[in-house]
$ cat start-v1.pdb   # PDB, C-alpha atoms
MODEL        1
ATOM      1  CA  MET A   1      -0.719  -0.612 -13.771
ATOM      2  CA  ILE A   2       0.888  -0.838 -10.353
ATOM      3  CA  THR A   3      -1.597  -0.766  -7.499
ATOM      4  CA  LEU A   4      -1.492  -0.870  -3.740
ATOM      5  CA  ALA A   5      -4.161  -3.591  -3.700
ATOM      6  CA  GLY A   6      -4.761  -4.851  -0.184
ATOM      7  CA  SER A   7      -2.030  -2.683   1.364
ATOM      8  CA  LYS A   8      -2.058  -1.208   4.850
ATOM      9  CA  ILE A   9      -0.392   2.196   4.830
ATOM     10  CA  VAL A  10       0.518   4.602   7.645
ATOM     11  CA  ILE A  11       1.029   8.268   6.795
ATOM     12  CA  ILE A  12       2.415  10.397   9.622
ATOM     13  CA  GLY A  13       1.735  13.992   8.698
ATOM     14  CA  GLY A  14      -1.164  12.821   6.553
ATOM     15  CA  THR A  15      -3.699  15.494   7.418
ATOM     16  CA  SER A  16      -2.689  18.087   4.814
ATOM     17  CA  GLY A  17      -0.491  18.735   1.812
ATOM     18  CA  ILE A  18       1.533  15.874   0.361
ATOM     19  CA  GLY A  19       0.577  13.448   3.144
ATOM     20  CA  PHE A  20      -3.145  13.990   2.631
ATOM     21  CA  ALA A  21      -2.801  13.613  -1.147
ATOM     22  CA  VAL A  22      -0.880  10.366  -0.636
ATOM     23  CA  ALA A  23      -3.621   9.058   1.681
ATOM     24  CA  VAL A  24      -6.416   9.691  -0.812
ATOM     25  CA  SER A  25      -4.341   8.475  -3.776
ATOM     26  CA  SER A  26      -3.421   5.297  -1.897
ATOM     27  CA  ILE A  27      -7.063   4.350  -1.474
ATOM     28  CA  GLN A  28      -7.761   5.301  -5.083
ATOM     29  CA  SER A  29      -4.898   2.900  -5.938
ATOM     30  CA  LEU A  30      -6.767   0.113  -4.103
ATOM     31  CA  ALA A  31      -5.107   0.224  -0.666
ATOM     32  CA  SER A  32      -7.399  -1.469   1.833
ATOM     33  CA  HIS A  33      -6.417   0.403   5.004
ATOM     34  CA  VAL A  34      -4.865   3.854   5.287
ATOM     35  CA  ILE A  35      -4.072   5.456   8.629
ATOM     36  CA  VAL A  36      -3.343   9.184   8.744
ATOM     37  CA  ALA A  37      -1.666  10.497  11.880
ATOM     38  CA  SER A  38      -0.938  13.952  13.219
ATOM     39  CA  SER A  39      -0.415  15.589  16.590
ATOM     40  CA  ASN A  40      -3.614  17.644  16.300
ATOM     41  CA  PRO A  41      -6.818  15.604  16.885
ATOM     42  CA  GLU A  42      -9.010  18.186  15.126
ATOM     43  CA  ARG A  43      -6.839  18.069  12.011
ATOM     44  CA  VAL A  44      -6.974  14.268  12.091
ATOM     45  CA  ALA A  45     -10.788  14.208  12.263
ATOM     46  CA  ASN A  46     -11.043  16.849   9.548
ATOM     47  CA  ALA A  47      -8.646  14.949   7.272
ATOM     48  CA  VAL A  48     -10.675  11.757   7.583
ATOM     49  CA  THR A  49     -13.879  13.634   6.724
ATOM     50  CA  ARG A  50     -12.250  15.387   3.731
ATOM     51  CA  GLY A  51     -10.628  12.153   2.620
ATOM     52  CA  GLU A  52     -13.902  10.223   2.732
ATOM     53  CA  SER A  53     -15.553  12.924   0.581
ATOM     54  CA  ALA A  54     -12.748  12.851  -1.977
ATOM     55  CA  ILE A  55     -12.764   9.057  -2.117
ATOM     56  CA  LYS A  56     -16.558   8.839  -2.501
ATOM     57  CA  ALA A  57     -16.321  11.203  -5.457
ATOM     58  CA  SER A  58     -14.009   8.626  -7.104
ATOM     59  CA  ASP A  59     -16.764   5.973  -7.282
ATOM     60  CA  LEU A  60     -14.509   3.237  -5.932
ATOM     61  CA  THR A  61     -15.941  -0.243  -5.538
ATOM     62  CA  HIS A  62     -13.333  -1.909  -3.307
ATOM     63  CA  GLU A  63     -13.658  -2.068   0.477
ATOM     64  CA  TYR A  64     -11.314   0.233   2.318
ATOM     65  CA  LYS A  65     -10.801   1.833   5.689
ATOM     66  CA  LEU A  66      -9.541   5.389   6.169
ATOM     67  CA  GLU A  67      -8.599   5.871   9.796
ATOM     68  CA  GLY A  68      -7.160   8.778  11.747
ATOM     69  CA  LYS A  69      -4.960   8.626  14.837
ATOM     70  CA  THR A  70      -3.315  11.251  16.992
ATOM     71  CA  LEU A  71       0.468  10.953  17.266
ATOM     72  CA  ASP A  72       3.224  13.322  18.356
ATOM     73  CA  ILE A  73       6.151  12.160  16.190
ATOM     74  CA  SER A  74       8.608  13.778  18.604
ATOM     75  CA  ASN A  75       7.452  11.540  21.496
ATOM     76  CA  LEU A  76       9.162   8.104  21.552
ATOM     77  CA  GLU A  77       6.608   6.673  23.993
ATOM     78  CA  GLN A  78       3.723   7.672  21.708
ATOM     79  CA  ILE A  79       5.514   6.278  18.644
ATOM     80  CA  THR A  80       6.024   2.926  20.369
ATOM     81  CA  LYS A  81       2.391   2.698  21.524
ATOM     82  CA  PHE A  82       1.117   3.819  18.103
ATOM     83  CA  PHE A  83       2.917   1.030  16.232
ATOM     84  CA  GLU A  84       1.945  -1.572  18.829
ATOM     85  CA  GLU A  85      -1.703  -0.652  18.143
ATOM     86  CA  VAL A  86      -1.302  -0.446  14.360
ATOM     87  CA  GLY A  87       0.490  -3.782  13.956
ATOM     88  CA  GLU A  88       2.107  -4.927  10.740
ATOM     89  CA  ILE A  89       2.001  -2.534   7.778
ATOM     90  CA  ASP A  90       3.019  -2.515   4.144
ATOM     91  CA  HIS A  91       4.167   1.073   3.817
ATOM     92  CA  LEU A  92       5.194   3.900   6.144
ATOM     93  CA  ILE A  93       5.237   7.460   4.824
ATOM     94  CA  ILE A  94       6.339  10.368   6.999
ATOM     95  CA  THR A  95       5.590  13.890   5.799
ATOM     96  CA  ALA A  96       5.386  15.572   9.214
ATOM     97  CA  ARG A  97       6.740  19.085   9.401
ATOM     98  CA  TYR A  98       7.733  21.466  12.133
ATOM     99  CA  ARG A  99       7.100  25.194  12.166
ATOM    100  CA  ASN A 100       9.966  27.326  13.372
ATOM    101  CA  ILE A 101       8.626  30.517  14.858
ATOM    102  CA  MET A 102      11.810  31.741  16.528
ATOM    103  CA  PRO A 103      14.997  29.824  15.813
ATOM    104  CA  ASP A 104      16.413  29.618  19.340
ATOM    105  CA  MET A 105      18.100  26.412  20.577
ATOM    106  CA  ASP A 106      14.950  24.935  22.156
ATOM    107  CA  THR A 107      13.001  25.500  18.941
ATOM    108  CA  LEU A 108      15.775  23.982  16.853
ATOM    109  CA  LYS A 109      15.879  20.913  19.125
ATOM    110  CA  ALA A 110      12.113  20.473  18.845
ATOM    111  CA  GLY A 111      12.455  20.681  15.079
ATOM    112  CA  MET A 112      15.083  17.914  15.091
ATOM    113  CA  ASP A 113      12.821  15.769  17.258
ATOM    114  CA  THR A 114      10.030  16.147  14.708
ATOM    115  CA  ARG A 115      11.984  15.998  11.446
ATOM    116  CA  TYR A 116      14.838  13.655  12.312
ATOM    117  CA  TRP A 117      14.643  11.653  15.536
ATOM    118  CA  GLY A 118      10.894  10.977  15.401
ATOM    119  CA  PRO A 119      11.002   9.536  11.878
ATOM    120  CA  MET A 120      14.110   7.488  12.721
ATOM    121  CA  HIS A 121      12.380   5.989  15.766
ATOM    122  CA  ALA A 122       9.211   5.338  13.744
ATOM    123  CA  ALA A 123      11.191   3.537  11.027
ATOM    124  CA  GLN A 124      12.901   1.341  13.631
ATOM    125  CA  ILE A 125       9.712   0.519  15.564
ATOM    126  CA  ALA A 126       7.254   0.045  12.662
ATOM    127  CA  LYS A 127       6.612  -3.554  11.653
ATOM    128  CA  VAL A 128       6.947  -3.129   7.885
ATOM    129  CA  LYS A 129       6.260  -6.307   5.889
ATOM    130  CA  PRO A 130       8.903  -7.714   3.546
ATOM    131  CA  LEU A 131       8.808  -5.837   0.213
ATOM    132  CA  GLY A 132       7.169  -2.905   2.018
ATOM    133  CA  SER A 133       8.638   0.587   2.097
ATOM    134  CA  VAL A 134       9.536   3.499   4.333
ATOM    135  CA  THR A 135       9.447   6.972   2.771
ATOM    136  CA  PHE A 136      10.513  10.231   4.416
ATOM    137  CA  THR A 137       9.854  13.722   3.136
ATOM    138  CA  THR A 138      10.738  16.859   4.988
ATOM    139  CA  SER A 139       9.809  20.487   4.948
ATOM    140  CA  SER A 140      10.136  23.508   7.117
ATOM    141  CA  VAL A 141       8.207  26.707   7.572
ATOM    142  CA  VAL A 142      10.159  29.550   9.131
ATOM    143  CA  TYR A 143       8.564  32.888   9.922
TER     144      TYR A 143
ENDMDL
END
$ encode --input "start-v1.pdb" --output "structure tokens"
Amino acid sequence: MITLAGSKIVIIGGTSGIGFAVAVSSIQSLASHVIVASSNPERVANAVTRGESAIKASDLTHEYKLEGKTLDISNLEQITKFFEEVGEIDHLIITARYRNIMPDMDTLKAGMDTRYWGPMHAAQIAKVKPLGSVTFTTSSVVY
């Protein structure tokens, strides 16, 4: 069985959906440190609380740390500071999404900052260990 034993994993967009499931599953697969990040501090705190509950229900015996951090993936300055604080990691997963409410040019640009430029900057700035990975997923909600 492949495990993530001892791994440090960052999941940007890890407070709900696929990102949240990856965070919990990573710890269940023996990751030692998982950091979930999102632009909304309340969602971050809530995700950590929900994640801890889900993990405790798994009866795991290994030591782990589930941590939440606030990060606006469209802000290069925040991305740089975030990865300076986080340090070296084994895996980077980005599942952040952007909601399009009205598809005017400013909204479309903001969407590109979140879904394209932010992840590209994060991948360049992150200190991913050799044999580590960078995974992008994308989604969009338009209404």
$ resolve_selection --input "start-v1.pdb" --expression "the PyMOL selection byres ((chain A and resi 65-81) around 8)" --output "MDAnalysis selection string"
chainID A and resid 12 32:41 44:45 47:48 51:52 63:64 82:85 96 110 113:114 117:119 121:122 125
$ resolve_selection --input "start-v1.pdb" --expression "the PyMOL selection byres ((chain A and resi 131) around 12)" --output "ChimeraX atom specification"
/A:7,89-92,127-130,132-134
$ atom_distance --input "start-v1.pdb" --atom1 "atom CA of Glu42 of chain A" --atom2 "atom CA of Thr61 of chain A"
28.5 Å
$ resolve_selection --input "start-v1.pdb" --expression "the PyMOL selection byres ((chain A and resi 137) around 9)" --output "list in words"
Ile93, Ile94, Thr95, Ala96, Arg97, Arg115, Thr135, Phe136, Thr138 and Ser139 of chain A
$ closest_residue --input "start-v1.pdb" --among "A:Ser16, A:Asn46, A:Gln124, A:Ser25" --to "Ser58 of chain A" --atoms "only C-alpha atoms"
A:Ser25
$ atom_distance --input "start-v1.pdb" --atom1 "atom CA of Ala23 of chain A" --atom2 "atom CA of Gly87 of chain A"
18.2 Å
$ closest_residue --input "start-v1.pdb" --among "A:Val10, A:Lys109, A:Gly17, A:Val24" --to "Thr49 of chain A" --atoms "all atoms listed in the file"
A:Val24
$ atom_distance --input "start-v1.pdb" --atom1 "atom CA of Thr15 of chain A" --atom2 "atom CA of Ile55 of chain A"
14.6 Å
$ closest_residue --input "start-v1.pdb" --among "A:Lys8, A:Arg50, A:Arg43, A:His62" --to "Gln28 of chain A" --atoms "all atoms listed in the file"
A:His62
